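Here's the structure, in structure tokens; my notes come after.
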Amino acid sequence: MYATTMDALVQALLDGDQAQAISTTKHLLAAEVAIGQILAEGVEVAMAQLDAKCTIEQFNLLEIMLCGRAVMGIMKELYPPDMPVQPTKAAVVVATLEGDVHDLGKNILKMVLTASSYRVVDCGKDCPVERLIDTVERERPLAVGISGLLTTVMPQVRRVRQRLAERGLSYVKVMAGGAALKQATAENLNVDLVAQSAFDGLHYLEQIVGGGT
Amino acid sequence: MNSLERVIAAVHFQPTDRVPVMPQVFGHAAVLAGVRLGAYLRDGALLARCQLHALAYYAYDAVFALMDVNVETEALGSTLTYHPDQYPSVRSYRLAGAAKLDTLAVPDPQRAGRMPEVLKAARILRQTVGRDVPVVGCVMGPMTLATQLLGIEAALYLAIDHPEQFADLLDFTAEVGMRFGLAQMEAGAHLPIVFDPSASPEVIPPAFYRELVLPRLTRVFTAFKQAGAPINWLHTAGMTTPILSFYPNAGVELANLDFCVDPQQAMQVLPQTCLDGNLKPLLFVEGTPAEVAAESLRLLHLFAHRGGFILSSGCEIPPESQPENIAALVHATRQPR
């Protein structure tokens with residue numbers, strides 16, 4: 001039975017123990033457990049448990065980063081260089097906008113979404129709004145995620161939805177988060193969601209996919 | 001009662017003529033004076049002039065000899081990118097890649113990077129305000145400087161993968177903070193506020209804070225106290241409720257609460273520690289004077305019986321804030337009690 005090994009994988013991911021996670025994944029692959037099953041029953045289960053643990057009162061970056069590093073480690077096992085990652089869910093474009101080079105929040109969102117099988121397109125930091133919109137036009141994502149540490153990027157955030165509409169992309173949802181942006185309301189920022197954490201963003205996407213909102 | 005007396009009395013829960021108000025006006029002082037932020041952050045004399053202008057304009061209870069959060073890491077060899085109207089950002093971290101801690105020496109505040117300009121600002125401010133107004137310097141807390149020497153992701157991974165190396169790094173960063181803070185006091189600052197946003201429970205778990213950060217922070221505050229600091233003031237960003245109970249053991253006498261912290265909970269956890277805060281910084285940019293006044297009065301009312309309170313923002317007041325909103329904060333403390 002692989003169930004015990006899968007439980008061990010979930011625990012290793014929650015512990016942020018990359019070496020243990022990789023070795024457990026190798027065992028699962030050797031036992032011919034399908035990649036999709038490892039993702040669904042291992043990675044996604046661990047992410048859901050981490051999500052439940054990370055409340056507003058009890059959230060810390062360290063735990064999420066360690067889990068994220070372990071997830072990225074096993075992704076390399078599951079998808080070696082000659083076999084590119086094949087996400088099963090929609091695309092999300094993430095960016096930190098021009099004038100802000102603090103991209104940790106964006107990177108955390110990227111990790112959480114990647115581990116949840118979304119295809120994440122990263123526009124990087126200090127990204128002009130126009131480059132973000134061009135990327136959205138090319139990638140046709142479900143949503144964009146914008147992270148901001150500085151209040152000075154707010155005027156740019158407010159422009160995103162309008163620029164999307166001008167290119168006929170108003171179906172794309174806009175999520176904002178990060179230390180500065182989460183002080184504001186969605187209405188004030190002209191976005192669909194102000195996320196208090198990366199998991200907030202994930203819940204929102206799952207709602208859209210599930211037909212919510 | 002002058003501002004310094006008022007602030008010290010509030011910190012010791014003694015009667016004051018009014019509640020002190022210390023909005024964290026840093027780069028906003030440049031904007032208010034019509035000076036480019038990029039120039040303000042590299043010129044101690046200009047910074048002091050702008051701070052004094054802001055003090056005269058708003059009539060609050062402190063001035064800040066404080067540039068930005070990157071002074072120490074730059075003095076240690078990280079390179080920054082400067083912008084005309086924004087705070088600088090780190091372009092390359094001194095300890096990124098294979099660089100070793102033992103290649104670093106504690107910088108001399110009289111010579112390294114912009115540290116001498118910070119000291120110049122403290123000197124001018126103190127010469128001007130004397131013992132009337134607190135002159136507040138600033139040092140980075142041990143955890144924050146560690147993350148600024150490595151980058152936050154690399155620093156956190158080092159803490160887990162090589163805890164002994166990380167502990168050595170924290171010893172070093174605490175030493176840097178101590179030496180820089182003592183130099184600021186020698187130059188004229190009454191006290192340095194310790195900024196440790198990376199030590200927030202939003203970044204590291206409370207047990208990590210207790211075991212690794214707290215002992216170093218205690219060392220820093222002990223040194224400041226021994227050098228005559230009238231107040232040990234700590235700012236940790238974000239939802240700090242889980243670590244507030246550690247503060248008194250570290251020697252913290254004044255704790256800045258970020259906007260997301262419930263002040264009533266903080267009062268319960270810290271019954272004998274003066275608290276300052278905690279208006280949402282964005283309110284000063286996007287709110288109205290009426291909203292700032294209402295929020296200020298709510299806090300003043302909340303602390304009216306307990307005392308041990310200084311009205312302030314939860315974190316820095318953004319440079320682009322509306323002056324009438326800061327004026328409304330200050331004005332709230334002038335209302336009849």
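Residues in the structure tokens are named by chain (A, B, ... in the order shown) and by number from 1 within that chain; ligands are numbered from 1 in the order shown.
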- Message: Show me, as a list of chain:residue names, the residues that have an atom within 10 Å of B:Gln127 when counting only C-alpha atoms, minus same-chain residues fewer than 5 positions from it.
- Response: B:Ala121, B:Ala122, B:Ala187, B:Gly188
- Query: Can you list, as number ranges by chain, every residue of chain A that DSSP puts in alpha helix (DSSP H)?
  - Reply: A: 3-15, 18-30, 35-38, 44-53, 61-78, 104-115, 129-139, 154-166, 186-189, 198-209
Wanna dump the chain B-chain A contacts at 8 Å for me, each residue with its shortest atom pair and the distance in Å to one decimal, counting only C-alpha atoms, ordered by chain and number, as a Markdown table?
| residue | atom | partner | partner_atom | distance |
| --- | --- | --- | --- | --- |
| B:Ser89 | CA | A:Val101 | CA | 7.2 |
| B:Glu153 | CA | A:Met65 | CA | 7.7 |
| B:Leu156 | CA | A:Leu62 | CA | 6.4 |
| B:Tyr157 | CA | A:Leu66 | CA | 7.5 |
| B:Pro201 | CA | A:Asn60 | CA | 6.0 |
| B:Glu202 | CA | A:Asn60 | CA | 4.3 |
| B:Val203 | CA | A:Leu61 | CA | 4.4 |
| B:Ile204 | CA | A:Asn60 | CA | 5.4 |
| B:Pro205 | CA | A:Asn60 | CA | 6.1 |
| B:Met239 | CA | A:Glu57 | CA | 7.2 |
| B:Pro242 | CA | A:Glu57 | CA | 8.0 |
| B:Lys280 | CA | A:Gln183 | CA | 7.4 |
| B:Leu282 | CA | A:Gln183 | CA | 6.6 |
| B:Pro318 | CA | A:Thr151 | CA | 7.2 |
| B:Glu320 | CA | A:Thr152 | CA | 7.7 |
Convert the current residue selection to file output with C-alpha atoms, as a short mmCIF file (atom, residue, chain, number, x, y, z; two decimals), in the first residue's frame.
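Below is the file result-v4.cif, written as the result:
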data_model
loop_
_atom_site.label_atom_id
_atom_site.label_comp_id
_atom_site.auth_asym_id
_atom_site.auth_seq_id
_atom_site.Cartn_x
_atom_site.Cartn_y
_atom_site.Cartn_z
CA SER B 89 16.00 49.35 -2.44
CA GLU B 153 14.39 34.05 1.69
CA LEU B 156 15.18 32.13 6.60
CA TYR B 157 16.57 29.07 4.84
CA PRO B 201 5.20 36.58 13.78
CA GLU B 202 3.99 36.95 10.21
CA VAL B 203 7.53 36.04 9.18
CA ILE B 204 8.83 33.73 11.90
CA PRO B 205 7.05 31.61 14.51
CA MET B 239 0.26 41.05 13.80
CA PRO B 242 1.69 36.39 19.79
CA LYS B 280 -3.60 52.47 9.73
CA LEU B 282 -2.93 54.18 4.54
CA PRO B 318 3.71 57.16 4.07
CA GLU B 320 2.78 60.92 0.21
#
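Minimum atom-to-atom distances from B:Ala290, B:Leu297, B:Ala45, B:Val220 to B:Leu66 were compared using only C-alpha atoms, and the lowest value belongs to B:Ala45.
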- Find the residues near stretch 86-94 of chain A: any atom within 8 Å, counting only C-alpha atoms, skip ones fewer than 2 places away on the same chain, and give them as a list in words.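 Neighbouring residues, sequence-local ones excluded: Pro84, Thr96, Lys106, Lys110, Thr114, Ser117, Tyr118, Arg119, Val120, Val121, Asp122, Cys123, Gly124, Leu132, Thr135, Val136, Glu139, Arg140, Pro141, Leu142, Ala143, Val144, Gly145, Ile146 and Ser147 of chain A.
Taking the backbone of this structure through DSSP, the residues of stretch 129-176 of chain A that come out as strand (DSSP E or B) are Ala143, Val144, Gly145, Ile146, Ser147, Lys173, Val174, Met175 and Ala176 of chain A.
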File of the preceding selection, N, CA and C atoms, as a PDB file, in the first residue's frame:
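Below is the file out07.pdb, written as the result:
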ATOM      1  N   ALA A 143      -6.853  34.830 -13.873  1.00  0.00           N
ATOM      2  CA  ALA A 143      -6.726  35.991 -12.983  1.00  0.00           C
ATOM      3  C   ALA A 143      -5.312  36.535 -13.011  1.00  0.00           C
ATOM      4  N   VAL A 144      -5.162  37.764 -12.512  1.00  0.00           N
ATOM      5  CA  VAL A 144      -3.818  38.288 -12.240  1.00  0.00           C
ATOM      6  C   VAL A 144      -3.706  38.526 -10.741  1.00  0.00           C
ATOM      7  N   GLY A 145      -2.522  38.327 -10.217  1.00  0.00           N
ATOM      8  CA  GLY A 145      -2.250  38.565  -8.798  1.00  0.00           C
ATOM      9  C   GLY A 145      -1.171  39.623  -8.673  1.00  0.00           C
ATOM     10  N   ILE A 146      -1.491  40.719  -7.976  1.00  0.00           N
ATOM     11  CA  ILE A 146      -0.531  41.818  -7.839  1.00  0.00           C
ATOM     12  C   ILE A 146      -0.166  41.957  -6.369  1.00  0.00           C
ATOM     13  N   SER A 147       1.128  41.976  -6.111  1.00  0.00           N
ATOM     14  CA  SER A 147       1.575  42.123  -4.728  1.00  0.00           C
ATOM     15  C   SER A 147       2.275  43.467  -4.579  1.00  0.00           C
ATOM     16  N   LYS A 173      -9.964  38.185 -13.661  1.00  0.00           N
ATOM     17  CA  LYS A 173     -10.113  38.708 -12.308  1.00  0.00           C
ATOM     18  C   LYS A 173      -8.790  39.308 -11.837  1.00  0.00           C
ATOM     19  N   VAL A 174      -8.891  40.326 -11.000  1.00  0.00           N
ATOM     20  CA  VAL A 174      -7.693  40.985 -10.481  1.00  0.00           C
ATOM     21  C   VAL A 174      -7.650  40.822  -8.961  1.00  0.00           C
ATOM     22  N   MET A 175      -6.559  40.230  -8.481  1.00  0.00           N
ATOM     23  CA  MET A 175      -6.371  40.045  -7.035  1.00  0.00           C
ATOM     24  C   MET A 175      -5.174  40.890  -6.597  1.00  0.00           C
ATOM     25  N   ALA A 176      -5.285  41.504  -5.424  1.00  0.00           N
ATOM     26  CA  ALA A 176      -4.175  42.292  -4.887  1.00  0.00           C
ATOM     27  C   ALA A 176      -3.865  41.811  -3.477  1.00  0.00           C
TER      28      ALA A 176
END
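Excluding B:Lys120 itself and any same-chain residue fewer than 2 positions from it, the protein and nucleic acid residues within 9 Å of it, counting only C-alpha atoms, are Asp43, Gly44, Ala45, Ala48, Ala65, Met115, Pro116, Glu117, Val118, Ala122, Arg123, Ile124, Leu125, Gln184 and Ala187 of chain B.
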- What lies within 12 Å of B:Phe224 using only C-alpha atoms, ignoring chain neighbours under 3 positions off, as number ranges by chain? B: 137-139, 174-175, 177-186, 189-194, 217-221, 227-233, 250-252
Just the selected residues (C-alpha atoms), exported as a PDB file, in the first residue's frame, please.
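File selection04.pdb, as written:
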ATOM      1  CA  GLY B 137      17.402  57.734  16.102  1.00  0.00           C
ATOM      2  CA  CYS B 138      16.897  54.289  14.631  1.00  0.00           C
ATOM      3  CA  VAL B 139      18.659  50.973  14.298  1.00  0.00           C
ATOM      4  CA  ALA B 174      22.965  42.792  17.182  1.00  0.00           C
ATOM      5  CA  GLU B 175      26.492  44.122  17.623  1.00  0.00           C
ATOM      6  CA  GLY B 177      22.805  47.754  15.991  1.00  0.00           C
ATOM      7  CA  MET B 178      24.341  48.351  19.390  1.00  0.00           C
ATOM      8  CA  ARG B 179      27.331  50.196  18.056  1.00  0.00           C
ATOM      9  CA  PHE B 180      25.296  52.334  15.657  1.00  0.00           C
ATOM     10  CA  GLY B 181      22.669  53.112  18.311  1.00  0.00           C
ATOM     11  CA  LEU B 182      25.271  54.108  20.887  1.00  0.00           C
ATOM     12  CA  ALA B 183      26.928  56.373  18.318  1.00  0.00           C
ATOM     13  CA  GLN B 184      23.559  58.014  17.655  1.00  0.00           C
ATOM     14  CA  MET B 185      23.155  58.658  21.372  1.00  0.00           C
ATOM     15  CA  GLU B 186      26.654  60.076  21.601  1.00  0.00           C
ATOM     16  CA  ALA B 189      19.786  61.249  19.977  1.00  0.00           C
ATOM     17  CA  HIS B 190      17.912  60.602  23.205  1.00  0.00           C
ATOM     18  CA  LEU B 191      17.165  57.086  22.073  1.00  0.00           C
ATOM     19  CA  PRO B 192      17.220  54.898  18.981  1.00  0.00           C
ATOM     20  CA  ILE B 193      13.964  53.174  18.103  1.00  0.00           C
ATOM     21  CA  VAL B 194      14.634  49.544  17.185  1.00  0.00           C
ATOM     22  CA  LEU B 217      17.253  42.154  21.275  1.00  0.00           C
ATOM     23  CA  THR B 218      17.676  42.106  25.046  1.00  0.00           C
ATOM     24  CA  ARG B 219      21.386  42.689  24.588  1.00  0.00           C
ATOM     25  CA  VAL B 220      20.730  45.686  22.342  1.00  0.00           C
ATOM     26  CA  PHE B 221      18.221  47.296  24.705  1.00  0.00           C
ATOM     27  CA  ALA B 227      24.170  54.340  27.930  1.00  0.00           C
ATOM     28  CA  GLY B 228      21.330  56.439  29.320  1.00  0.00           C
ATOM     29  CA  ALA B 229      18.427  55.951  26.919  1.00  0.00           C
ATOM     30  CA  PRO B 230      15.354  57.228  28.785  1.00  0.00           C
ATOM     31  CA  ILE B 231      13.105  54.854  26.852  1.00  0.00           C
ATOM     32  CA  ASN B 232      13.576  51.573  24.994  1.00  0.00           C
ATOM     33  CA  TRP B 233      11.231  51.737  22.016  1.00  0.00           C
ATOM     34  CA  ALA B 250      13.734  42.245  26.485  1.00  0.00           C
ATOM     35  CA  GLY B 251      13.584  45.608  28.258  1.00  0.00           C
ATOM     36  CA  VAL B 252      10.996  47.160  25.956  1.00  0.00           C
TER      37      VAL B 252
END
- Message: Show me, as a ChimeraX atom specification, the residues that have an atom within 8 Å of stretch 306-316 of chain B when counting only C-alpha atoms, minus same-chain residues fewer than 4 positions from it.
- Response: /B:7,10-14,19-26,235,237,256-259,272-281,296,299-300,329,333
- For A:Arg138, the nearest of the candidates A:Leu113, A:Ala34, A:Ala3, A:Leu169, counting only C-alpha atoms: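 Residue with the minimum atom-to-atom distance to A:Arg138: A:Leu169.
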- Closest to B:Val63 among B:Val136, B:Ala9, B:Ala98, B:Ala327, using only C-alpha atoms?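 Distance minimum relative to B:Val63 lands on B:Val136.
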- Query: Which residues, written as JSON, numbers by chain, have at least one atom at most 9 Å from B:Leu4, with only C-alpha atoms counted and residues fewer than 6 positions away on the same chain left out?
  - Reply: {"B": [61, 62, 131, 132, 133, 134, 135]}
Selection file, C-alpha atoms, as a PDB file, in the first residue's frame:
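Written file, result_11.pdb:
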ATOM      1  CA  ASP B  61       6.214  65.361  20.264  1.00  0.00           C
ATOM      2  CA  ALA B  62       9.330  63.933  18.548  1.00  0.00           C
ATOM      3  CA  ARG B 131      15.901  68.698  26.080  1.00  0.00           C
ATOM      4  CA  ASP B 132      12.511  69.923  24.894  1.00  0.00           C
ATOM      5  CA  VAL B 133      11.696  67.294  22.279  1.00  0.00           C
ATOM      6  CA  PRO B 134      12.817  63.661  22.036  1.00  0.00           C
ATOM      7  CA  VAL B 135      15.371  63.153  19.284  1.00  0.00           C
TER       8      VAL B 135
END
